[in-house]
>>> print(open('final10.pdb').read())   # PDB, C-alpha atoms, pLDDT in the B column
ATOM      1  CA  MET B   1     -62.629  51.850 -11.150  1.00 94.00           C
ATOM      2  CA  ILE B   2     -61.006  49.074  -9.153  1.00 95.00           C
ATOM      3  CA  GLU B   3     -57.334  48.226  -9.572  1.00 96.00           C
ATOM      4  CA  VAL B   4     -55.952  45.040  -8.041  1.00 97.00           C
ATOM      5  CA  ARG B   5     -52.787  43.005  -8.111  1.00 97.00           C
ATOM      6  CA  ILE B   6     -53.432  39.321  -8.741  1.00 97.00           C
ATOM      7  CA  ASP B   7     -50.938  36.661  -7.689  1.00 96.00           C
ATOM      8  CA  GLY B   8     -50.833  33.422  -9.653  1.00 93.00           C
ATOM      9  CA  LEU B   9     -51.448  34.692 -13.181  1.00 94.00           C
ATOM     10  CA  ALA B  10     -49.274  32.531 -15.406  1.00 94.00           C
ATOM     11  CA  CYS B  11     -50.880  32.377 -18.842  1.00 96.00           C
ATOM     12  CA  GLY B  12     -53.665  33.500 -21.110  1.00 95.00           C
ATOM     13  CA  GLY B  13     -55.919  30.862 -19.598  1.00 96.00           C
ATOM     14  CA  CYS B  14     -55.484  32.502 -16.204  1.00 96.00           C
ATOM     15  CA  VAL B  15     -56.467  35.845 -17.688  1.00 97.00           C
ATOM     16  CA  LYS B  16     -59.611  34.309 -19.183  1.00 97.00           C
ATOM     17  CA  ALA B  17     -60.487  32.649 -15.862  1.00 97.00           C
ATOM     18  CA  VAL B  18     -60.225  35.974 -14.023  1.00 97.00           C
ATOM     19  CA  GLU B  19     -62.264  37.760 -16.696  1.00 97.00           C
ATOM     20  CA  LYS B  20     -64.940  35.047 -16.500  1.00 97.00           C
ATOM     21  CA  ALA B  21     -65.095  35.221 -12.699  1.00 97.00           C
ATOM     22  CA  ILE B  22     -65.580  38.975 -12.812  1.00 97.00           C
ATOM     23  CA  ALA B  23     -68.169  38.731 -15.605  1.00 97.00           C
ATOM     24  CA  THR B  24     -70.120  36.179 -13.579  1.00 96.00           C
ATOM     25  CA  THR B  25     -70.281  38.649 -10.696  1.00 95.00           C
ATOM     26  CA  ASP B  26     -70.989  41.686 -12.879  1.00 97.00           C
ATOM     27  CA  PRO B  27     -71.844  41.011 -16.533  1.00 97.00           C
ATOM     28  CA  ALA B  28     -71.620  44.758 -17.268  1.00 97.00           C
ATOM     29  CA  ALA B  29     -68.061  45.075 -15.901  1.00 97.00           C
ATOM     30  CA  ARG B  30     -65.263  46.149 -18.220  1.00 97.00           C
ATOM     31  CA  THR B  31     -62.098  44.290 -17.315  1.00 97.00           C
ATOM     32  CA  GLN B  32     -58.491  44.713 -18.449  1.00 97.00           C
ATOM     33  CA  VAL B  33     -56.084  42.101 -17.115  1.00 96.00           C
ATOM     34  CA  ASP B  34     -52.362  42.662 -17.711  1.00 96.00           C
ATOM     35  CA  LEU B  35     -50.579  39.326 -17.518  1.00 95.00           C
ATOM     36  CA  ALA B  36     -47.095  40.881 -17.545  1.00 95.00           C
ATOM     37  CA  SER B  37     -47.696  43.070 -14.486  1.00 95.00           C
ATOM     38  CA  GLY B  38     -50.188  40.764 -12.770  1.00 96.00           C
ATOM     39  CA  THR B  39     -52.763  43.504 -12.407  1.00 96.00           C
ATOM     40  CA  ALA B  40     -56.367  44.099 -13.377  1.00 97.00           C
ATOM     41  CA  ARG B  41     -58.418  47.242 -13.856  1.00 98.00           C
ATOM     42  CA  ILE B  42     -62.139  46.753 -13.523  1.00 98.00           C
ATOM     43  CA  GLU B  43     -64.883  49.247 -14.264  1.00 98.00           C
ATOM     44  CA  THR B  44     -67.832  48.050 -12.197  1.00 97.00           C
ATOM     45  CA  ALA B  45     -70.616  49.273  -9.959  1.00 95.00           C
ATOM     46  CA  ARG B  46     -70.067  46.316  -7.615  1.00 96.00           C
ATOM     47  CA  PRO B  47     -68.157  46.737  -4.343  1.00 96.00           C
ATOM     48  CA  ARG B  48     -64.430  45.988  -4.377  1.00 96.00           C
ATOM     49  CA  ALA B  49     -64.904  43.164  -1.853  1.00 96.00           C
ATOM     50  CA  GLU B  50     -67.334  41.396  -4.182  1.00 96.00           C
ATOM     51  CA  ILE B  51     -64.927  41.588  -7.134  1.00 97.00           C
ATOM     52  CA  VAL B  52     -61.991  40.419  -5.010  1.00 97.00           C
ATOM     53  CA  ALA B  53     -64.066  37.515  -3.681  1.00 97.00           C
ATOM     54  CA  ALA B  54     -64.901  36.443  -7.251  1.00 97.00           C
ATOM     55  CA  ILE B  55     -61.232  36.506  -8.263  1.00 97.00           C
ATOM     56  CA  GLU B  56     -60.223  34.551  -5.173  1.00 97.00           C
ATOM     57  CA  ALA B  57     -63.017  32.016  -5.764  1.00 96.00           C
ATOM     58  CA  ALA B  58     -61.453  31.406  -9.187  1.00 96.00           C
ATOM     59  CA  GLY B  59     -58.257  30.351  -7.410  1.00 96.00           C
ATOM     60  CA  TYR B  60     -56.132  33.511  -7.431  1.00 97.00           C
ATOM     61  CA  ASP B  61     -54.797  35.588  -4.564  1.00 96.00           C
ATOM     62  CA  VAL B  62     -55.499  39.314  -4.373  1.00 96.00           C
ATOM     63  CA  PRO B  63     -53.097  40.835  -1.850  1.00 93.00           C
ATOM     64  CA  GLN B  64     -54.440  43.832   0.007  1.00 81.00           C
ATOM     65  CA  ALA B  65     -52.503  47.009  -0.750  1.00 52.00           C
TER      66      ALA B  65
END
>>> encode(input="final10.pdb", output="structure tokens")
Amino acid sequence: MIEVRIDGLACGGCVKAVEKAIATTDPAARTQVDLASGTARIETARPRAEIVAAIEAAGYDVPQA
């Protein structure tokens, strides 16, 4: 399970873009994006760095905790 904060989420379209970016990297991933808190929980076998890179490639910032 990967949990990340995502800066720049502003609407449902942003949520869909993040979900699509993650699904492109790992089609088997289960993703829950919470627009209100700006966080995502991802169940994936992929490394965290790969998931973060996909989110950032979609145009969103993932601050390191």
>>> atom_distance(input="final10.pdb", atom1="atom CA of B:Asp34", atom2="atom CA of B:Cys11")
10.5 Å
>>> closest_residue(input="final10.pdb", among="B:Glu3, B:Leu9, B:Leu35, B:Ala17", to="B:Ala49", atoms="only C-alpha atoms")
B:Glu3
>>> residues_around(input="final10.pdb", residues="stretch 19-24 of chain B", least_positions_apart="3", cutoff="10 Å", atoms="only C-alpha atoms", output="list of chain:residue names")
B:Gly13, B:Cys14, B:Val15, B:Lys16, B:Pro27, B:Ala28, B:Ala29, B:Arg30, B:Thr31, B:Gln32, B:Val33, B:Ala40, B:Ile42, B:Thr44, B:Glu50, B:Ile51, B:Val52, B:Ala53, B:Ala54, B:Ile55, B:Glu56, B:Ala57, B:Ala58, B:Gly59
>>> residues_around(input="final10.pdb", residues="B:Pro63", least_positions_apart="4", cutoff="10 Å", atoms="all atoms listed in the file", output="list of chain:residue names")
B:Val4, B:Arg5, B:Ile6, B:Asp7, B:Val52
>>> closest_residue(input="final10.pdb", among="B:Asp26, B:Asp61, B:Pro47, B:Ala36", to="B:Ala10", atoms="all atoms listed in the file")
B:Ala36
>>> closest_residue(input="final10.pdb", among="B:Thr39, B:Val18, B:Arg48, B:Thr25", to="B:Met1", atoms="only C-alpha atoms")
B:Arg48
>>> axis_aligned_box(input="final10.pdb", around="stretch 22-33 of chain B", padding_each_side="5 Å", output="AutoDock Vina command-line options")
--center_x -64.0 --center_y 41.2 --center_z -14.6 --size_x 25.8 --size_y 20.0 --size_z 17.8
